[in-house]
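Just below is one structure, and these are the notes that go with it.
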Amino acid sequence: MRKQKKKGKLKLKSRRGARKRFKLTASGKVKRGHAFKRHILTKKTTTRKRGLRKAGLVSAAETPSVRRMLLG
């Protein structure tokens, strides 16, 4: 006998590019990496490069759209 197909909504997939770039924290905020850390590092100060290593948070204005991309 054939299995019956379930009727309902399709699963929503997250955007793969967003999934690689952002992470959700336990409190629901969105973490991101800093830009300007890939090349031309000789003219940037050590302090600046050290600060760019740490993760930042997505701004409050952008958070809803990023969450929508992550959660599908």
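Residues are named by chain letter and number: chains run A, B, ... in the order of the structure tokens, numbers start at 1 in each chain, and ligands are numbered from 1 in the order shown.
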Near Arg19 of chain A, within 12 Å and counting only C-alpha atoms, which residues show up once chain neighbours fewer than 3 positions away are dropped, as a PyMOL selection string? chain A and resi 13-16+22-24+30-32+66-72
In chain A, what's strand (DSSP E) per DSSP? Answer as a VMD selection string? chain A and resid 22 to 24 30 to 32 56 to 57
Rank A:Arg2, A:Lys7, A:Leu41, A:Arg21 by their smallest atom-to-atom distance to Val58 of chain A, using only C-alpha atoms, and report the top residue only.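 Under the stated criterion, the closest residue is A:Arg21.
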From A:Phe36, A:Lys9, A:Thr46, A:Lys29, residue lying nearest Ser59 of chain A [only C-alpha atoms]: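 For Ser59 of chain A, the nearest of the candidates is A:Lys29.
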